[in-house]
Amino acid sequence: MLSVTLRNLAVRLVVAVVLTFSQNLGSARAEDITVNIDNFTFEPAQLTVKVGTTVTWKNRDDIPHTIVSAGKFKSKALDTDDSYSFTFTAAGDYPFFCSLHPHMTGTIKVE
Amino acid sequence: MSEFDHDHNDQGPEDGSGVSRRRVLECMTWAGTGVLWTISGGVPRSLGLVGAAQAAQPAGLTFLQISDSHVGFDKPANPNAIGTLEEAIAKINGMPTKPSFMIHTGDITHLSKAAEFDNAQRIISQAKLDVHYVPGEHDFLDEEIKLYRERYGRDTKGAGWYSFDASGVHFIGLVNVVNLKAGGLGNLGAEQLEWLEDDLKGRSKSTPIVVFAHIPLWTVYPEWGWGTEDGARALDYLKGFGSVTVLNGHIHQVMQKVEGNVTFHTARSTAFPQPAPGSAPSPGPMKVADDKLRGLLGVASINFKAGEQRLAIIDTPLQG
């Protein structure tokens with residue numbers, strides 16, 4: 001009975017170590033990035049990131065905006081100081097825009 | 001349809017020979033709160049200031065336009081958008097000519113929250129007028145896009161378009177705030193355009209037409225998205241009508257253009273002003289001195305007088 005408990009503990013330890021390691025590995029490979037929305041403009045509007053990167057859009061305008069990439073992701077309306085994050089797990093080009101103010105556009109290239 | 005009894009075909013042949021009269025447009029004041037429109041026989045005509053309107057006692061149909069109430073907005077450009085909407089309704093209640101009804105050209109709420117819709121309804125209903133709504137992009141922000149439709153979408157087509165008749169004038173409410181394309185402007189879409197063509201088919205060309213939608217149907221300033229991608233197609237269907245008036249909101253300032261028999265007009269917001277095209281880094285809410293704000297907010301009043309080819313618009317500010 002004791003051996004079972006020990007083995008159980010060992011498994012848990014290994015799982016914990018692997019999880020910690022993989023999280024560290026993730027952040028080491030892909031730095032997280034913020035895109036600010038100011039004056040109805042995405043800044044930066046063009047961005048190249050590595051697979052696994054989390055991009056966070058932050059609305060700093062007094063008007064709500066959305067972030068929509070057709071068929072890929074879609075935020076709710078972000079009020080002032082609201083944020084939306086998306087983690088890019090596949091390479092490719094992700095054009096996005098604000099569905100309320102469609103002249104606001106940008107592209108994220110994931111490599 | 002009995003209201004069509006007031007359609008004065010005896011004003012001239014239906015081929016539009018009265019064009020020069022119909023082109024007459026006087027817009028005497030862009031003061032601020034709203035636009036008072038008088039449609040007299042077909043063409044918009046300014047009644048001048050509210051005082052002058054009272055003196056003239058215009059007969060016929062008078063209706064009111066309010067727009068962009070943005071209930072829920074509380075940012076520095078106007079921390080109390082509910083308060084200024086209340087002031088606008090008080091202004092309407094104090095008008096010497098009681099309007100027959102009201103149109104609201106969208107952005108009733110700021111974030112499409114149920115409480116915002118409820119507050120808007122509670123305040124606007126104090127005018128005790130029928131209100132014909134079209135949605136702005138701020139009214140379709142809830143997850144299921146149902147709050148606007150539940151309240152105002154009954155008896156409408158598609159995303160909320162419809163038409164109705166009053167005193168011989170044909171009113172068309174359009175929706176140009178859905179399915180917007182990246183890099184584009186406002187959008188009506190094929191289904192709505194088809195409906196519009198059908199709605200106008202066979203209609204007497206002497207029928208005065210009033211079209212209202214949230215985003216300007218004509219291109220005001222594409223750099224800020226102020227225009228409608230397929231607005232020109234809608235206007236094509238309106239060619240040949242002796243009098244067409246297009247009323248919009250969205251840009252939170254008075255702007256007017258007359259092109260042939262078509263008069264385009266945008267109304268002020270009751271919530272906050274926006275900058276003139278290109279005069280600021282973005283079209284965001286414009287912060288002005290506290291004592292200037294109410295001169296830039298307002299409503300509009302429109303009067304149609306049967307027997308005269310004129311329609312009058314009065315913009316009335318909350319103050320000044």
# chains A, B, ... in the order shown; residues from 1 in each chain; ligands from 1

$ closest_atom_pairs --of "chain A" --to "chain B" --cutoff "6 Å" --atoms "only C-alpha atoms" --output "CSV"
residue,atom,partner,partner_atom,distance
A:Asn39,CA,B:Ser282,CA,5.0
A:Phe97,CA,B:Ala182,CA,5.7
A:Pro102,CA,B:Ala182,CA,4.8
A:His103,CA,B:Gly183,CA,4.4

$ write_last_selection --atoms "C-alpha atoms" --output "compact mmCIF listing (two decimals), in the first residue's frame"
# COMPACT_ATOMS: atom_id res chain seq x y z
CA ASN A 39 -7.58 56.99 -32.04
CA PHE A 97 -10.44 44.46 -38.33
CA PRO A 102 -14.17 48.57 -40.58
CA HIS A 103 -11.63 51.14 -41.72

$ atom_distance --atom1 "atom CA of A:Leu47" --atom2 "atom CA of A:Glu31"
12.5 Å

$ select_by_dssp --residues "stretch 202-266 of chain B" --states "helix (DSSP H, G or I)" --output "NGL selection string"
:B and (222-224 or 231-237)

$ atom_distance --atom1 "atom CA of B:Leu238" --atom2 "atom CA of B:Asn261"
9.6 Å

$ residues_around --residues "A:Asn59" --least-positions-apart "3" --cutoff "9 Å" --atoms "only C-alpha atoms" --output "PyMOL selection string"
chain A and resi 35-38+62-66+78-84

$ atom_distance --atom1 "atom CA of B:Gly249" --atom2 "atom CA of B:Pro216"
6.7 Å

$ select_by_dssp --residues "stretch 132-258 of chain B" --states "strand (DSSP E or B)" --output "VMD selection string"
chain B and resid 132 to 133 157 161 to 166 169 to 173 177 186 to 187 209 to 212 221 226 228 244 to 248 255 to 258

$ closest_residue --among "B:Asn80, B:Ser301, B:Ser243, B:Asn187" --to "B:Arg268" --atoms "only C-alpha atoms"
B:Ser301

$ residues_around --residues "stretch 119-129 of chain B" --least-positions-apart "6" --cutoff "9 Å" --atoms "only C-alpha atoms" --output "list in words"
Ser69, His70, Val71, Gly72, Ile82, Leu85, Glu86, Ile89, Ala90, Ile92, Asn93, Pro99, Ser100, Phe101, Met102, Ile108 and Thr109 of chain B

$ residues_around --residues "stretch 91-96 of chain A" --least-positions-apart "5" --cutoff "6 Å" --atoms "only C-alpha atoms" --output "list of chain:residue names"
A:Val68, A:Ser69, A:Thr105, A:Gly106, A:Thr107, A:Ile108, A:Lys109, A:Val110, A:Glu111

$ write_last_selection --atoms "C-alpha atoms" --output "short mmCIF file (atom, residue, chain, number, x, y, z; two decimals), in the first residue's frame"
data_model
loop_
_atom_site.label_atom_id
_atom_site.label_comp_id
_atom_site.auth_asym_id
_atom_site.auth_seq_id
_atom_site.Cartn_x
_atom_site.Cartn_y
_atom_site.Cartn_z
CA VAL A 68 -12.47 40.14 -35.79
CA SER A 69 -10.44 37.82 -38.01
CA THR A 105 -7.51 46.99 -40.05
CA GLY A 106 -4.34 45.07 -39.22
CA THR A 107 -2.53 41.78 -39.91
CA ILE A 108 -0.68 39.32 -37.73
CA LYS A 109 1.78 37.04 -39.46
CA VAL A 110 2.45 33.89 -37.46
CA GLU A 111 5.67 31.97 -38.27
#

$ closest_residue --among "A:Ser99, A:Thr89, A:Asp61, A:Thr56" --to "A:Lys76" --atoms "only C-alpha atoms"
A:Ser99

$ closest_residue --among "B:His214, B:Arg151, B:Arg203, B:His252" --to "B:Leu174" --atoms "only C-alpha atoms"
B:His214

$ decode --residues "stretch 63-191 of chain B" --atoms "C-alpha atoms" --output "PDB file, in the first residue's frame"
ATOM      1  CA  PHE B  63     -42.013  64.940 -37.587  1.00  0.00           C
ATOM      2  CA  LEU B  64     -38.937  64.868 -35.463  1.00  0.00           C
ATOM      3  CA  GLN B  65     -35.537  63.250 -35.792  1.00  0.00           C
ATOM      4  CA  ILE B  66     -33.359  62.321 -32.861  1.00  0.00           C
ATOM      5  CA  SER B  67     -30.154  60.363 -33.158  1.00  0.00           C
ATOM      6  CA  ASP B  68     -27.173  58.895 -31.378  1.00  0.00           C
ATOM      7  CA  SER B  69     -28.462  59.068 -27.832  1.00  0.00           C
ATOM      8  CA  HIS B  70     -25.703  56.610 -26.729  1.00  0.00           C
ATOM      9  CA  VAL B  71     -27.418  55.868 -23.431  1.00  0.00           C
ATOM     10  CA  GLY B  72     -24.697  54.464 -21.173  1.00  0.00           C
ATOM     11  CA  PHE B  73     -21.948  56.769 -22.438  1.00  0.00           C
ATOM     12  CA  ASP B  74     -20.178  58.382 -19.469  1.00  0.00           C
ATOM     13  CA  LYS B  75     -16.785  59.446 -20.789  1.00  0.00           C
ATOM     14  CA  PRO B  76     -15.251  62.958 -20.492  1.00  0.00           C
ATOM     15  CA  ALA B  77     -16.920  64.239 -23.690  1.00  0.00           C
ATOM     16  CA  ASN B  78     -20.220  63.992 -21.772  1.00  0.00           C
ATOM     17  CA  PRO B  79     -20.324  62.133 -18.460  1.00  0.00           C
ATOM     18  CA  ASN B  80     -24.135  62.353 -18.441  1.00  0.00           C
ATOM     19  CA  ALA B  81     -25.565  61.260 -21.799  1.00  0.00           C
ATOM     20  CA  ILE B  82     -28.800  60.274 -20.047  1.00  0.00           C
ATOM     21  CA  GLY B  83     -29.172  63.818 -18.769  1.00  0.00           C
ATOM     22  CA  THR B  84     -28.748  65.394 -22.215  1.00  0.00           C
ATOM     23  CA  LEU B  85     -31.243  62.920 -23.711  1.00  0.00           C
ATOM     24  CA  GLU B  86     -33.711  64.031 -21.051  1.00  0.00           C
ATOM     25  CA  GLU B  87     -33.014  67.641 -21.997  1.00  0.00           C
ATOM     26  CA  ALA B  88     -33.623  66.828 -25.672  1.00  0.00           C
ATOM     27  CA  ILE B  89     -36.973  65.230 -24.869  1.00  0.00           C
ATOM     28  CA  ALA B  90     -37.907  68.237 -22.735  1.00  0.00           C
ATOM     29  CA  LYS B  91     -36.994  70.441 -25.707  1.00  0.00           C
ATOM     30  CA  ILE B  92     -39.266  68.380 -27.946  1.00  0.00           C
ATOM     31  CA  ASN B  93     -42.106  68.579 -25.444  1.00  0.00           C
ATOM     32  CA  GLY B  94     -41.731  72.343 -25.445  1.00  0.00           C
ATOM     33  CA  MET B  95     -41.877  72.742 -29.211  1.00  0.00           C
ATOM     34  CA  PRO B  96     -44.660  74.990 -30.481  1.00  0.00           C
ATOM     35  CA  THR B  97     -45.600  72.557 -33.247  1.00  0.00           C
ATOM     36  CA  LYS B  98     -46.318  69.120 -31.856  1.00  0.00           C
ATOM     37  CA  PRO B  99     -44.718  66.590 -34.193  1.00  0.00           C
ATOM     38  CA  SER B 100     -46.810  63.715 -35.540  1.00  0.00           C
ATOM     39  CA  PHE B 101     -44.112  61.191 -34.684  1.00  0.00           C
ATOM     40  CA  MET B 102     -40.416  60.767 -34.208  1.00  0.00           C
ATOM     41  CA  ILE B 103     -37.677  58.870 -35.991  1.00  0.00           C
ATOM     42  CA  HIS B 104     -34.547  57.729 -34.177  1.00  0.00           C
ATOM     43  CA  THR B 105     -31.596  57.176 -36.501  1.00  0.00           C
ATOM     44  CA  GLY B 106     -29.707  54.741 -34.311  1.00  0.00           C
ATOM     45  CA  ASP B 107     -27.103  54.334 -31.572  1.00  0.00           C
ATOM     46  CA  ILE B 108     -29.899  54.422 -29.046  1.00  0.00           C
ATOM     47  CA  THR B 109     -27.504  52.802 -26.575  1.00  0.00           C
ATOM     48  CA  HIS B 110     -23.741  52.863 -26.183  1.00  0.00           C
ATOM     49  CA  LEU B 111     -23.112  49.168 -25.460  1.00  0.00           C
ATOM     50  CA  SER B 112     -26.441  47.401 -26.182  1.00  0.00           C
ATOM     51  CA  LYS B 113     -27.033  46.597 -22.534  1.00  0.00           C
ATOM     52  CA  ALA B 114     -30.590  45.826 -21.449  1.00  0.00           C
ATOM     53  CA  ALA B 115     -30.503  48.590 -18.842  1.00  0.00           C
ATOM     54  CA  GLU B 116     -29.384  51.079 -21.505  1.00  0.00           C
ATOM     55  CA  PHE B 117     -32.285  50.136 -23.776  1.00  0.00           C
ATOM     56  CA  ASP B 118     -34.655  50.364 -20.811  1.00  0.00           C
ATOM     57  CA  ASN B 119     -33.394  53.820 -19.828  1.00  0.00           C
ATOM     58  CA  ALA B 120     -33.637  55.037 -23.419  1.00  0.00           C
ATOM     59  CA  GLN B 121     -37.202  53.752 -23.678  1.00  0.00           C
ATOM     60  CA  ARG B 122     -38.202  55.302 -20.364  1.00  0.00           C
ATOM     61  CA  ILE B 123     -36.885  58.741 -21.379  1.00  0.00           C
ATOM     62  CA  ILE B 124     -37.867  58.817 -25.070  1.00  0.00           C
ATOM     63  CA  SER B 125     -41.401  57.623 -24.291  1.00  0.00           C
ATOM     64  CA  GLN B 126     -41.876  60.812 -22.285  1.00  0.00           C
ATOM     65  CA  ALA B 127     -42.304  62.622 -25.612  1.00  0.00           C
ATOM     66  CA  LYS B 128     -45.530  60.603 -25.996  1.00  0.00           C
ATOM     67  CA  LEU B 129     -44.904  60.152 -29.712  1.00  0.00           C
ATOM     68  CA  ASP B 130     -44.699  57.095 -31.926  1.00  0.00           C
ATOM     69  CA  VAL B 131     -41.024  56.443 -32.578  1.00  0.00           C
ATOM     70  CA  HIS B 132     -39.711  54.723 -35.704  1.00  0.00           C
ATOM     71  CA  TYR B 133     -36.252  53.329 -35.061  1.00  0.00           C
ATOM     72  CA  VAL B 134     -33.363  52.130 -37.167  1.00  0.00           C
ATOM     73  CA  PRO B 135     -30.354  50.571 -35.450  1.00  0.00           C
ATOM     74  CA  GLY B 136     -26.830  51.926 -35.170  1.00  0.00           C
ATOM     75  CA  GLU B 137     -23.787  49.706 -34.755  1.00  0.00           C
ATOM     76  CA  HIS B 138     -23.908  50.373 -30.994  1.00  0.00           C
ATOM     77  CA  ASP B 139     -27.351  48.733 -30.793  1.00  0.00           C
ATOM     78  CA  PHE B 140     -26.156  45.331 -32.055  1.00  0.00           C
ATOM     79  CA  LEU B 141     -23.346  44.668 -29.563  1.00  0.00           C
ATOM     80  CA  ASP B 142     -25.056  42.082 -27.340  1.00  0.00           C
ATOM     81  CA  GLU B 143     -23.913  38.510 -27.817  1.00  0.00           C
ATOM     82  CA  GLU B 144     -27.104  37.274 -29.467  1.00  0.00           C
ATOM     83  CA  ILE B 145     -28.009  40.595 -31.117  1.00  0.00           C
ATOM     84  CA  LYS B 146     -31.527  40.264 -29.787  1.00  0.00           C
ATOM     85  CA  LEU B 147     -32.166  43.216 -27.453  1.00  0.00           C
ATOM     86  CA  TYR B 148     -32.770  45.727 -30.259  1.00  0.00           C
ATOM     87  CA  ARG B 149     -34.797  43.263 -32.320  1.00  0.00           C
ATOM     88  CA  GLU B 150     -37.011  42.293 -29.396  1.00  0.00           C
ATOM     89  CA  ARG B 151     -37.844  45.930 -28.782  1.00  0.00           C
ATOM     90  CA  TYR B 152     -37.904  47.516 -32.222  1.00  0.00           C
ATOM     91  CA  GLY B 153     -37.499  44.757 -34.786  1.00  0.00           C
ATOM     92  CA  ARG B 154     -41.089  43.513 -34.854  1.00  0.00           C
ATOM     93  CA  ASP B 155     -42.787  43.978 -38.211  1.00  0.00           C
ATOM     94  CA  THR B 156     -39.466  44.662 -39.909  1.00  0.00           C
ATOM     95  CA  LYS B 157     -37.563  42.757 -42.562  1.00  0.00           C
ATOM     96  CA  GLY B 158     -34.041  41.331 -42.393  1.00  0.00           C
ATOM     97  CA  ALA B 159     -31.860  43.143 -39.861  1.00  0.00           C
ATOM     98  CA  GLY B 160     -34.672  45.650 -39.249  1.00  0.00           C
ATOM     99  CA  TRP B 161     -35.625  47.547 -42.410  1.00  0.00           C
ATOM    100  CA  TYR B 162     -39.194  48.617 -43.219  1.00  0.00           C
ATOM    101  CA  SER B 163     -41.309  51.315 -44.794  1.00  0.00           C
ATOM    102  CA  PHE B 164     -44.502  53.146 -43.868  1.00  0.00           C
ATOM    103  CA  ASP B 165     -46.667  56.006 -45.109  1.00  0.00           C
ATOM    104  CA  ALA B 166     -47.739  59.175 -43.350  1.00  0.00           C
ATOM    105  CA  SER B 167     -49.677  62.106 -44.826  1.00  0.00           C
ATOM    106  CA  GLY B 168     -48.799  61.074 -48.363  1.00  0.00           C
ATOM    107  CA  VAL B 169     -45.068  60.782 -47.624  1.00  0.00           C
ATOM    108  CA  HIS B 170     -43.394  57.396 -48.004  1.00  0.00           C
ATOM    109  CA  PHE B 171     -40.853  56.682 -45.250  1.00  0.00           C
ATOM    110  CA  ILE B 172     -38.154  54.025 -45.633  1.00  0.00           C
ATOM    111  CA  GLY B 173     -36.009  52.918 -42.672  1.00  0.00           C
ATOM    112  CA  LEU B 174     -32.799  51.170 -43.755  1.00  0.00           C
ATOM    113  CA  VAL B 175     -30.092  49.265 -41.861  1.00  0.00           C
ATOM    114  CA  ASN B 176     -26.483  49.856 -42.933  1.00  0.00           C
ATOM    115  CA  VAL B 177     -24.600  48.715 -39.825  1.00  0.00           C
ATOM    116  CA  VAL B 178     -24.400  44.929 -40.267  1.00  0.00           C
ATOM    117  CA  ASN B 179     -21.987  42.653 -42.136  1.00  0.00           C
ATOM    118  CA  LEU B 180     -19.440  45.405 -42.526  1.00  0.00           C
ATOM    119  CA  LYS B 181     -16.402  44.328 -44.508  1.00  0.00           C
ATOM    120  CA  ALA B 182     -12.785  44.949 -43.487  1.00  0.00           C
ATOM    121  CA  GLY B 183     -11.579  48.193 -44.994  1.00  0.00           C
ATOM    122  CA  GLY B 184     -15.111  49.116 -46.081  1.00  0.00           C
ATOM    123  CA  LEU B 185     -17.894  51.519 -45.134  1.00  0.00           C
ATOM    124  CA  GLY B 186     -21.513  51.080 -44.080  1.00  0.00           C
ATOM    125  CA  ASN B 187     -23.318  48.299 -45.909  1.00  0.00           C
ATOM    126  CA  LEU B 188     -26.916  47.689 -47.045  1.00  0.00           C
ATOM    127  CA  GLY B 189     -26.412  44.330 -48.736  1.00  0.00           C
ATOM    128  CA  ALA B 190     -28.072  42.634 -51.698  1.00  0.00           C
ATOM    129  CA  GLU B 191     -31.166  41.405 -49.837  1.00  0.00           C
TER     130      GLU B 191
END
